[in-house]
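What's in start06.txt: compact mmCIF, C-alpha atoms
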# COMPACT_ATOMS: atom_id res chain seq x y z
CA MET A 1 -48.24 62.42 1.67
CA GLU A 2 -45.68 64.47 -0.25
CA ASP A 3 -42.85 63.01 1.87
CA THR A 4 -44.04 59.48 1.09
CA LYS A 5 -44.23 60.28 -2.61
CA LYS A 6 -40.75 61.81 -2.55
CA ALA A 7 -39.36 58.77 -0.71
CA GLY A 8 -40.98 56.53 -3.28
CA GLN A 9 -39.33 58.44 -6.11
CA GLU A 10 -35.92 58.01 -4.48
CA LEU A 11 -36.44 54.30 -3.84
CA PRO A 12 -34.01 52.13 -5.83
CA GLN A 13 -35.83 50.04 -8.41
CA ASP A 14 -34.49 46.56 -7.63
CA ASP A 15 -35.16 44.85 -4.29
CA ILE A 16 -31.77 43.88 -2.83
CA ALA A 17 -33.24 40.79 -1.14
CA GLU A 18 -34.50 39.48 -4.49
CA LEU A 19 -31.18 40.23 -6.20
CA LEU A 20 -29.25 38.31 -3.54
CA LYS A 21 -31.74 35.46 -3.37
CA GLU A 22 -31.87 34.97 -7.13
CA LYS A 23 -28.17 35.88 -7.65
CA LYS A 24 -29.16 38.45 -10.24
CA GLY A 25 -27.20 41.53 -11.13
CA GLY A 26 -23.48 42.02 -11.53
CA PHE A 27 -20.44 40.01 -10.55
CA VAL A 28 -20.33 41.11 -6.88
CA ILE A 29 -23.98 40.18 -6.23
CA LYS A 30 -23.63 36.84 -8.03
CA SER A 31 -20.51 35.89 -6.07
CA PHE A 32 -21.66 37.10 -2.64
CA ASN A 33 -22.00 33.60 -1.20
CA TRP A 34 -18.96 31.98 -2.75
CA TRP A 35 -16.50 30.30 -0.41
CA ALA A 36 -14.96 33.25 1.48
CA PRO A 37 -11.26 32.86 0.45
CA LEU A 38 -12.25 32.46 -3.21
CA ARG A 39 -14.64 35.41 -3.02
CA LEU A 40 -12.00 37.70 -1.50
CA ARG A 41 -9.48 36.84 -4.22
CA ALA A 42 -12.04 37.17 -7.01
CA TRP A 43 -13.15 40.58 -5.77
CA ALA A 44 -9.53 41.68 -5.31
CA LEU A 45 -8.74 40.63 -8.89
CA ALA A 46 -11.73 42.57 -10.21
CA ALA A 47 -10.63 45.58 -8.14
CA MET A 48 -7.09 45.36 -9.56
CA LEU A 49 -8.42 45.26 -13.12
CA LYS A 50 -10.38 48.45 -12.36
CA GLY A 51 -7.30 50.22 -11.01
CA TYR A 52 -7.92 50.02 -7.27
CA PHE A 53 -4.77 47.96 -6.67
CA SER A 54 -1.44 47.31 -8.33
CA PHE A 55 -0.49 43.73 -9.22
CA SER A 56 1.86 43.67 -6.21
CA GLU A 57 -0.92 44.80 -3.87
CA PHE A 58 -3.30 42.22 -5.35
CA CYS A 59 -0.74 39.51 -4.59
CA GLN A 60 -0.46 40.71 -0.99
CA LEU A 61 -4.25 40.69 -0.63
CA SER A 62 -4.46 37.19 -2.06
CA LEU A 63 -1.97 35.66 0.38
CA PRO A 64 -3.30 34.02 3.58
CA SER A 65 -3.66 36.47 6.45
CA PHE A 66 -0.67 35.13 8.41
CA PHE A 67 1.64 36.43 5.65
CA GLY A 68 0.94 40.04 6.58
CA ASP A 69 -1.45 42.78 7.64
CA LYS A 70 -4.04 43.60 4.96
CA SER A 71 -5.77 46.38 6.88
CA LYS A 72 -3.96 49.08 4.87
CA PHE A 73 -5.81 47.87 1.75
CA MET A 74 -9.28 47.61 3.26
CA ASP A 75 -10.43 51.18 2.58
CA ARG A 76 -9.80 50.78 -1.15
CA TYR A 77 -11.20 47.26 -1.13
CA GLN A 78 -14.44 48.47 0.46
CA ALA A 79 -14.54 51.51 -1.86
CA PHE A 80 -14.46 49.13 -4.85
CA LEU A 81 -17.23 46.94 -3.40
CA CYS A 82 -19.41 49.94 -2.56
CA GLU A 83 -19.08 51.40 -6.05
CA GLU A 84 -19.85 48.08 -7.71
CA LEU A 85 -22.85 47.41 -5.49
CA LYS A 86 -24.15 50.92 -6.05
CA LYS A 87 -24.23 50.14 -9.78
CA GLU A 88 -25.53 46.60 -9.40
CA CYS A 89 -28.25 47.49 -6.87
CA LEU A 90 -29.05 50.92 -8.29
CA GLY A 91 -28.69 52.31 -4.76
CA SER A 92 -29.93 55.76 -3.83
CA SER A 93 -27.68 58.73 -3.13
CA ASP A 94 -28.00 58.39 0.67
CA ASN A 95 -26.49 54.86 0.82
CA CYS A 96 -29.90 53.20 0.97
CA VAL A 97 -31.11 50.12 -0.88
CA ASN A 98 -34.57 48.82 -1.66
CA LEU A 99 -35.46 46.19 0.94
CA PHE A 100 -38.97 44.75 0.72
CA GLY A 101 -40.11 47.81 -1.22
CA ARG A 102 -38.83 50.28 1.39
CA LYS A 103 -35.66 52.33 1.76
CA PHE A 104 -33.13 50.74 4.06
CA GLY A 105 -29.54 51.53 4.91
CA GLU A 106 -27.49 54.59 5.67
CA LEU A 107 -24.31 52.51 5.84
CA ASN A 108 -22.05 52.01 2.87
CA TYR A 109 -23.53 49.70 0.23
CA TYR A 110 -21.28 46.79 1.10
CA GLY A 111 -22.08 47.02 4.82
CA VAL A 112 -25.82 47.09 4.16
CA THR A 113 -25.68 44.27 1.58
CA HIS A 114 -23.53 42.10 3.84
CA LEU A 115 -26.00 42.48 6.74
CA ILE A 116 -29.04 41.76 4.57
CA ASN A 117 -27.35 38.71 3.06
CA GLU A 118 -26.41 37.17 6.42
CA VAL A 119 -29.46 38.07 8.50
CA ILE A 120 -32.22 37.73 5.88
CA ILE A 121 -31.11 35.68 2.87
CA LEU A 122 -29.02 33.16 4.84
CA ASP A 123 -31.38 33.50 7.84
CA GLN A 124 -28.61 33.63 10.43
CA TYR A 125 -31.00 33.52 13.41
CA HIS A 126 -33.40 30.91 11.96
CA ALA A 127 -36.30 33.36 11.99
CA ASN A 128 -38.12 31.57 9.16
CA GLN A 129 -38.18 28.41 11.25
CA PHE A 130 -39.50 29.90 14.48
CA LEU A 131 -41.36 33.17 13.88
CA LYS A 132 -45.13 33.14 13.39
CA LYS A 133 -47.44 35.86 12.11
CA ASP A 134 -48.24 37.10 15.62
CA SER A 135 -44.86 36.56 17.34
CA ILE A 136 -43.63 39.01 19.98
CA VAL A 137 -39.90 39.59 19.45
CA ILE A 138 -37.08 41.22 21.44
CA ASP A 139 -34.15 42.39 19.30
CA ALA A 140 -31.25 43.00 21.72
CA GLY A 141 -28.52 44.85 19.85
CA ALA A 142 -30.75 45.90 16.97
CA HIS A 143 -28.02 47.96 15.26
CA ILE A 144 -29.59 49.57 12.15
CA GLY A 145 -32.59 47.23 12.23
CA THR A 146 -31.82 44.46 9.73
CA PHE A 147 -33.24 41.68 11.92
CA SER A 148 -36.03 43.91 13.27
CA VAL A 149 -37.31 44.63 9.76
CA PHE A 150 -37.06 40.95 8.81
CA ALA A 151 -38.94 39.94 11.98
CA ALA A 152 -41.63 42.55 11.33
CA ARG A 153 -42.11 41.19 7.83
CA LEU A 154 -42.45 37.61 9.13
CA ALA A 155 -44.72 38.68 12.02
CA PRO A 156 -47.05 41.34 10.54
CA GLN A 157 -49.57 40.81 13.35
CA GLY A 158 -46.92 40.69 16.08
CA ARG A 159 -44.63 43.19 17.75
CA VAL A 160 -40.86 43.77 17.64
CA TYR A 161 -39.06 45.64 20.44
CA SER A 162 -35.72 46.85 19.09
CA PHE A 163 -33.05 47.92 21.59
CA GLU A 164 -30.04 49.98 20.43
CA PRO A 165 -28.03 52.09 22.92
CA VAL A 166 -25.73 54.04 20.53
CA ALA A 167 -27.30 57.43 19.75
CA GLU A 168 -26.36 57.80 16.07
CA THR A 169 -27.06 54.16 15.25
CA PHE A 170 -30.43 54.48 17.00
CA GLN A 171 -31.39 57.34 14.67
CA THR A 172 -30.64 55.11 11.67
CA LEU A 173 -32.63 52.28 13.26
CA LYS A 174 -35.64 54.59 13.63
CA LYS A 175 -35.47 55.65 9.97
CA ASN A 176 -35.24 52.06 8.77
CA ALA A 177 -38.10 50.99 11.04
CA GLU A 178 -40.47 53.88 10.30
CA TYR A 179 -42.36 51.92 7.62
CA TYR A 180 -43.17 49.10 10.07
CA PRO A 181 -45.73 50.10 12.73
CA GLN A 182 -45.17 46.87 14.66
CA ILE A 183 -41.56 47.86 15.48
CA THR A 184 -40.97 49.80 18.71
CA CYS A 185 -37.46 51.33 18.84
CA VAL A 186 -35.92 51.71 22.31
CA ASN A 187 -32.76 53.80 22.85
CA TYR A 188 -31.50 51.68 25.76
CA GLY A 189 -29.10 48.80 26.17
CA LEU A 190 -30.09 45.53 27.80
CA GLY A 191 -28.22 43.78 30.61
CA ASP A 192 -28.53 42.21 34.07
CA GLY A 193 -29.61 45.34 35.96
CA ILE A 194 -30.86 48.89 35.66
CA TYR A 195 -28.00 51.36 35.57
CA GLN A 196 -26.06 53.84 33.44
CA LYS A 197 -22.80 52.87 31.73
CA ASN A 198 -20.29 54.32 29.32
CA ILE A 199 -20.25 52.80 25.86
CA PHE A 200 -17.29 53.21 23.51
CA VAL A 201 -18.29 53.84 19.90
CA ASP A 202 -16.10 53.50 16.81
CA SER A 203 -16.74 56.66 14.79
CA ARG A 204 -15.70 54.86 11.58
CA SER A 205 -18.23 52.08 11.96
CA THR A 206 -21.66 51.50 13.50
CA LYS A 207 -20.60 47.99 14.56
CA GLY A 208 -18.45 46.89 17.48
CA SER A 209 -19.52 49.40 20.15
CA VAL A 210 -18.75 48.03 23.63
CA PHE A 211 -19.84 48.87 27.18
CA GLU A 212 -17.10 49.68 29.67
CA ASP A 213 -17.75 46.45 31.63
CA SER A 214 -18.00 44.22 28.57
CA PRO A 215 -15.37 41.45 28.43
CA LEU A 216 -14.53 42.83 24.98
CA TYR A 217 -13.46 46.21 26.35
CA SER A 218 -9.67 46.35 26.63
CA GLY A 219 -9.59 49.27 29.04
CA LYS A 220 -8.41 51.64 26.33
CA SER A 221 -10.61 53.81 24.13
CA ASP A 222 -8.53 52.96 21.03
CA GLY A 223 -9.80 56.10 19.33
CA ARG A 224 -13.43 55.34 20.13
CA GLU A 225 -15.82 58.03 21.29
CA ARG A 226 -17.42 57.65 24.71
CA GLU A 227 -21.17 57.93 25.21
CA SER A 228 -23.38 57.38 28.22
CA ALA A 229 -26.22 54.87 27.89
CA ILE A 230 -28.99 53.55 30.12
CA ILE A 231 -29.24 49.78 30.56
CA LEU A 232 -32.44 47.91 31.44
CA THR A 233 -33.32 44.27 31.95
CA ILE A 234 -35.79 42.49 29.71
CA ASP A 235 -37.73 41.51 32.84
CA ALA A 236 -38.05 45.17 33.95
CA PHE A 237 -39.09 46.32 30.47
CA VAL A 238 -41.72 43.56 30.23
CA ALA A 239 -43.17 44.46 33.64
CA GLU A 240 -43.20 48.21 32.98
CA HIS A 241 -44.91 47.90 29.59
CA GLY A 242 -47.30 45.06 30.42
CA ILE A 243 -46.04 42.82 27.61
CA SER A 244 -48.27 39.74 27.50
CA ARG A 245 -45.70 37.25 26.15
CA ILE A 246 -42.35 36.88 24.37
CA ASN A 247 -41.88 34.32 21.61
CA PHE A 248 -38.39 35.07 20.30
CA ILE A 249 -35.29 36.87 21.60
CA LYS A 250 -32.34 37.67 19.33
CA ILE A 251 -29.13 38.80 21.08
CA ASP A 252 -26.03 40.21 19.40
CA ALA A 253 -24.60 42.55 22.02
CA GLU A 254 -20.79 42.56 21.81
CA GLY A 255 -20.09 40.48 24.90
CA TYR A 256 -23.24 41.31 26.88
CA GLU A 257 -25.09 38.12 25.93
CA ALA A 258 -24.73 36.46 29.35
CA LYS A 259 -25.83 39.62 31.18
CA ILE A 260 -28.92 39.94 28.97
CA LEU A 261 -29.90 36.32 29.66
CA LYS A 262 -29.59 36.88 33.40
CA GLY A 263 -31.75 40.00 33.12
CA ALA A 264 -34.44 38.00 31.28
CA ARG A 265 -34.57 35.09 33.73
CA GLU A 266 -38.24 35.49 34.74
CA SER A 267 -39.43 36.14 31.20
CA ILE A 268 -37.60 33.06 29.92
CA LYS A 269 -39.01 30.88 32.72
CA LYS A 270 -42.54 32.14 32.10
CA TRP A 271 -42.77 32.10 28.28
CA LYS A 272 -39.87 29.88 27.19
CA PRO A 273 -39.11 31.88 24.02
CA VAL A 274 -36.75 30.76 21.29
CA ILE A 275 -33.40 32.51 21.86
CA ALA A 276 -30.93 33.12 19.04
CA MET A 277 -27.67 34.66 20.21
CA SER A 278 -24.06 35.25 19.25
CA ALA A 279 -21.66 32.62 20.58
CA TYR A 280 -18.26 34.05 19.65
CA HIS A 281 -17.72 37.33 21.49
CA ASN A 282 -16.15 35.82 24.63
CA PRO A 283 -13.81 32.80 24.83
CA ASN A 284 -16.09 31.05 27.34
CA ASP A 285 -19.41 31.81 25.59
CA LYS A 286 -19.77 28.33 24.11
CA LYS A 287 -19.67 26.88 27.62
CA ASP A 288 -21.24 29.66 29.70
CA LEU A 289 -24.28 30.59 27.59
CA PRO A 290 -25.78 27.04 27.43
CA ARG A 291 -25.07 26.66 31.16
CA ILE A 292 -27.00 29.85 31.96
CA MET A 293 -29.89 28.70 29.77
CA LYS A 294 -30.01 25.33 31.55
CA GLU A 295 -29.92 27.04 34.97
CA ILE A 296 -32.91 29.16 33.98
CA CYS A 297 -34.83 26.26 32.44
CA PRO A 298 -33.33 22.74 32.13
CA ASP A 299 -35.63 21.87 29.21
CA TYR A 300 -33.80 24.10 26.72
CA ILE A 301 -31.86 22.59 23.82
CA CYS A 302 -28.94 24.83 22.75
CA GLU A 303 -27.65 24.13 19.25
CA LEU A 304 -24.41 25.75 18.10
CA HIS A 305 -24.58 26.74 14.44
CA HIS A 306 -21.54 27.60 12.31
CA ASP A 307 -23.47 28.63 9.20
CA HIS A 308 -22.10 32.19 9.08
CA GLU A 309 -21.00 33.55 12.42
CA GLU A 310 -21.21 31.20 15.40
CA ASP A 311 -24.65 31.43 16.99
CA PHE A 312 -26.67 29.47 19.52
CA ILE A 313 -30.28 28.64 18.69
CA CYS A 314 -31.98 27.69 21.96
CA TYR A 315 -35.48 26.24 22.11
CA ILE A 316 -37.69 23.77 23.94
CA LYS A 317 -38.72 20.75 21.93
CA LYS A 318 -42.48 20.42 21.74
Give the structure from this file in structure tokens form.
Amino acid sequence: MEDTKKAGQELPQDDIAELLKEKKGGFVIKSFNWWAPLRLRAWALAAMLKGYFSFSEFCQLSLPSFFGDKSKFMDRYQAFLCEELKKECLGSSDNCVNLFGRKFGELNYYGVTHLINEVIILDQYHANQFLKKDSIVIDAGAHIGTFSVFAARLAPQGRVYSFEPVAETFQTLKKNAEYYPQITCVNYGLGDGIYQKNIFVDSRSTKGSVFEDSPLYSGKSDGRERESAIILTIDAFVAEHGISRINFIKIDAEGYEAKILKGARESIKKWKPVIAMSAYHNPNDKKDLPRIMKEICPDYICELHHDHEEDFICYIKK
């Protein structure tokens, strides 16, 4: 009880979802969904006025990307955004924000706010359209749990199985999910078989970790740390745990989307869940992923959405 009380005292006052939805707060929050090139330039100008950049550096940042590499400015750019969002969101000292009345985060403030804006406010995976109060959900590539928490809120009488293979990211996922008893966190990856693989993790970011046989892996570590992770199939997990149905599968797995579909073949045939998945990791994804879905069940409609990132929303019309 004391831990809960202490956590409550540390909880930031303003709910980040409400701030983003209502466009309340400071300049960064209000401009979060501006047209991307305009937003970048507006934020860069504000950063220059606060001393993060010189006028010359601001001009370089404002030019289209083909005029030069902007990566050398990104640390300061993100530092500016994090500081501004910390003030505008009244974030806590451990990089957490208030999401639905609970602490959420442990990334920098910009990273957390960006995820919440895309996944929840802009509803990247169309969860509001398809999830019901008792939906059973698979979150493949749960990361720190942004979609898992959103799904748990939309399906309070359902169940969310959240798969994240990276050890440190999994610990953050567990902390963010601890207030939601319907979320089960699983420290495995998902794929087309049951085996152990190396996964290469960027120590500077919790995003972009790739398995050694992912099409995104270049064959070089590129400064990434190597971990070993166990991979399961959705079909094997369902059979082992006696799961009675699946209503929704979200997949964002850095090039493993096709493998995960193949490992869920029987579950998809049996329950015909809605599937929302990334469509941009591999050059052939836009052709291969709908083909795999049709091979599993010809009745699926696969819609390609360009709202934020490119994602397929696959469903059977009823």
With stretch 257-281 of chain A as the partner and 10 Å as the cut-off, tabulate the residues of stretch 59-162 of chain A that qualify, each row holding the nearest pair of atoms and their distance in Å to one decimal, using all atoms listed in the file, sorted by chain and rising number, as a tab-separated table.
residue	atom	partner	partner_atom	distance
A:Gln124	CA	A:Ala276	CA	8.9
A:Tyr125	CA	A:Ala276	CA	5.6
A:His126	CA	A:Ala276	CA	7.8
A:Ala127	CA	A:Ala276	CA	8.9
A:Phe130	CA	A:Val274	CA	7.4
A:Leu131	CA	A:Val274	CA	9.1
A:Ser135	CA	A:Pro273	CA	10.0
A:Ile136	CA	A:Pro273	CA	9.4
A:Val137	CA	A:Pro273	CA	9.0
A:Ile138	CA	A:Ile275	CA	9.5
A:Asp139	CA	A:Ala276	CA	9.8
A:Ala140	CA	A:Ile260	CA	8.2
A:Gly141	CA	A:Glu257	CA	9.7
- [ ] Find the residues near A:Pro12: any atom within 9 Å, counting all atoms listed in the file, skip ones fewer than 5 places away on the same chain, and give them as a ChimeraX atom specification.
- [x] /A:89-92,96-98,101-103
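Going from atom CA of A:Met74 over to atom CA of A:Ser62, you cover 12.7 Å.
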Inset, instruction - Find the spatial neighbours of stretch 229-246 of chain A, counting all atoms listed in the file, within a cut-off of 6 Å - ignore same-chain residues fewer than 2 positions away - and output them as a ChimeraX atom specification. - result: /A:136,165,188-197,248,263-264,267,273
Which residues of stretch 53-163 of chain A come within 12 Å of stretch 307-311 of chain A, and what is each one's closest atom pair and distance in Å (one decimal), counting only C-alpha atoms, sorted by chain and residue number, as a tab-separated table?
residue	atom	partner	partner_atom	distance
A:His114	CA	A:His308	CA	11.3
A:Leu115	CA	A:His308	CA	11.3
A:Asn117	CA	A:His308	CA	10.3
A:Glu118	CA	A:His308	CA	7.1
A:Val119	CA	A:His308	CA	9.4
A:Ile120	CA	A:His308	CA	12.0
A:Ile121	CA	A:His308	CA	11.5
A:Leu122	CA	A:His308	CA	8.2
A:Asp123	CA	A:Asp307	CA	9.4
A:Gln124	CA	A:His308	CA	6.8
A:Tyr125	CA	A:Asp311	CA	7.6
A:His126	CA	A:Asp311	CA	10.1
Let me see the file: selected residues, C-alpha atoms, as a short mmCIF file (atom, residue, chain, number, x, y, z; two decimals), in the frame of the given file.
data_model
loop_
_atom_site.label_atom_id
_atom_site.label_comp_id
_atom_site.auth_asym_id
_atom_site.auth_seq_id
_atom_site.Cartn_x
_atom_site.Cartn_y
_atom_site.Cartn_z
CA HIS A 114 -23.53 42.10 3.84
CA LEU A 115 -26.00 42.48 6.74
CA ASN A 117 -27.35 38.71 3.06
CA GLU A 118 -26.41 37.17 6.42
CA VAL A 119 -29.46 38.07 8.50
CA ILE A 120 -32.22 37.73 5.88
CA ILE A 121 -31.11 35.68 2.87
CA LEU A 122 -29.02 33.16 4.84
CA ASP A 123 -31.38 33.50 7.84
CA GLN A 124 -28.61 33.63 10.43
CA TYR A 125 -31.00 33.52 13.41
CA HIS A 126 -33.40 30.91 11.96
#
(Q) So the first atom is atom CA of A:Asn284 and the second is atom CA of A:Gly255; what is the distance between them in Å, to one decimal place? (A)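 Interatomic distance, atom CA of A:Asn284 to atom CA of A:Gly255: 10.5 Å.
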For a cutoff of 12 Å around the file-coordinate point (-13.7, 52.6, -3.7), which residues qualify once you count only C-alpha atoms? I'd like the result as a PyMOL selection string.
chain A and resi 44+47-48+50-53+73-86+108-110
Check the smallest atom-to-atom distance from each of A:Ile251, A:Leu99, A:Lys317, A:Lys30 to A:Asp15 using all atoms listed in the file, then report the winner.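 Smallest distance to A:Asp15 is found for A:Leu99.
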What's the 12 Å shell around A:Leu40, counting all atoms listed in the file, without same-chain residues fewer than 3 positions away, as an mmCIF file with C-alpha atoms, in the coordinates of the input?
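Output file result.cif follows:
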data_model
loop_
_atom_site.group_PDB
_atom_site.id
_atom_site.type_symbol
_atom_site.label_atom_id
_atom_site.label_comp_id
_atom_site.auth_asym_id
_atom_site.auth_seq_id
_atom_site.Cartn_x
_atom_site.Cartn_y
_atom_site.Cartn_z
ATOM 1 C CA VAL A 28 -20.330 41.110 -6.880
ATOM 2 C CA SER A 31 -20.510 35.890 -6.070
ATOM 3 C CA PHE A 32 -21.660 37.100 -2.640
ATOM 4 C CA ASN A 33 -22.000 33.600 -1.200
ATOM 5 C CA TRP A 34 -18.960 31.980 -2.750
ATOM 6 C CA TRP A 35 -16.500 30.300 -0.410
ATOM 7 C CA ALA A 36 -14.960 33.250 1.480
ATOM 8 C CA PRO A 37 -11.260 32.860 0.450
ATOM 9 C CA TRP A 43 -13.150 40.580 -5.770
ATOM 10 C CA ALA A 44 -9.530 41.680 -5.310
ATOM 11 C CA LEU A 45 -8.740 40.630 -8.890
ATOM 12 C CA ALA A 46 -11.730 42.570 -10.210
ATOM 13 C CA ALA A 47 -10.630 45.580 -8.140
ATOM 14 C CA PHE A 58 -3.300 42.220 -5.350
ATOM 15 C CA CYS A 59 -0.740 39.510 -4.590
ATOM 16 C CA GLN A 60 -0.460 40.710 -0.990
ATOM 17 C CA LEU A 61 -4.250 40.690 -0.630
ATOM 18 C CA SER A 62 -4.460 37.190 -2.060
ATOM 19 C CA LEU A 63 -1.970 35.660 0.380
ATOM 20 C CA PRO A 64 -3.300 34.020 3.580
ATOM 21 C CA SER A 65 -3.660 36.470 6.450
ATOM 22 C CA LYS A 70 -4.040 43.600 4.960
ATOM 23 C CA MET A 74 -9.280 47.610 3.260
ATOM 24 C CA TYR A 77 -11.200 47.260 -1.130
ATOM 25 C CA GLN A 78 -14.440 48.470 0.460
ATOM 26 C CA LEU A 81 -17.230 46.940 -3.400
#
Exercise. Find the residues around stretch 287-303 of chain A up to 6 Å (all atoms listed in the file counted), leave out those fewer than 3 positions away in its own chain, and share them as a list in words.
Key: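 Using all atoms listed in the file, the neighbours found are Asn284, Phe312, Ile313, Cys314, Tyr315 and Ile316 of chain A.
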- How far is it from atom CA of A:Tyr161 to atom CA of A:Ser148, in Å with one decimal?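 Answer for the atom CA of A:Tyr161 to atom CA of A:Ser148 separation: 8.0 Å.
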For a quick check of understanding, using all atoms listed in the file, which of A:His143, A:Arg159, A:Ile116, A:Phe104 has the smallest distance to A:Glu178?
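Once distances to A:Glu178 are computed over all atoms listed in the file, the minimum belongs to A:Phe104.
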| query | Taking all atoms listed in the file into account, which of A:Ala142, A:Val201, A:Val149, A:Ala42 comes nearest A:Ala177? | reply |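 The closest residue to A:Ala177 is A:Val149.
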What's around A:Ile29 at 8 Å? Count all atoms listed in the file, leave out sequence neighbours fewer than 2 positions away in its own chain, and write the answer as number ranges by chain. A: 19-20, 23-27, 31-32, 85, 88
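Among the candidates A:Ser228, A:Asn176, A:Thr113, A:Asn95, the residue lying nearest to A:Glu18 is A:Thr113 (atoms considered: all atoms listed in the file).
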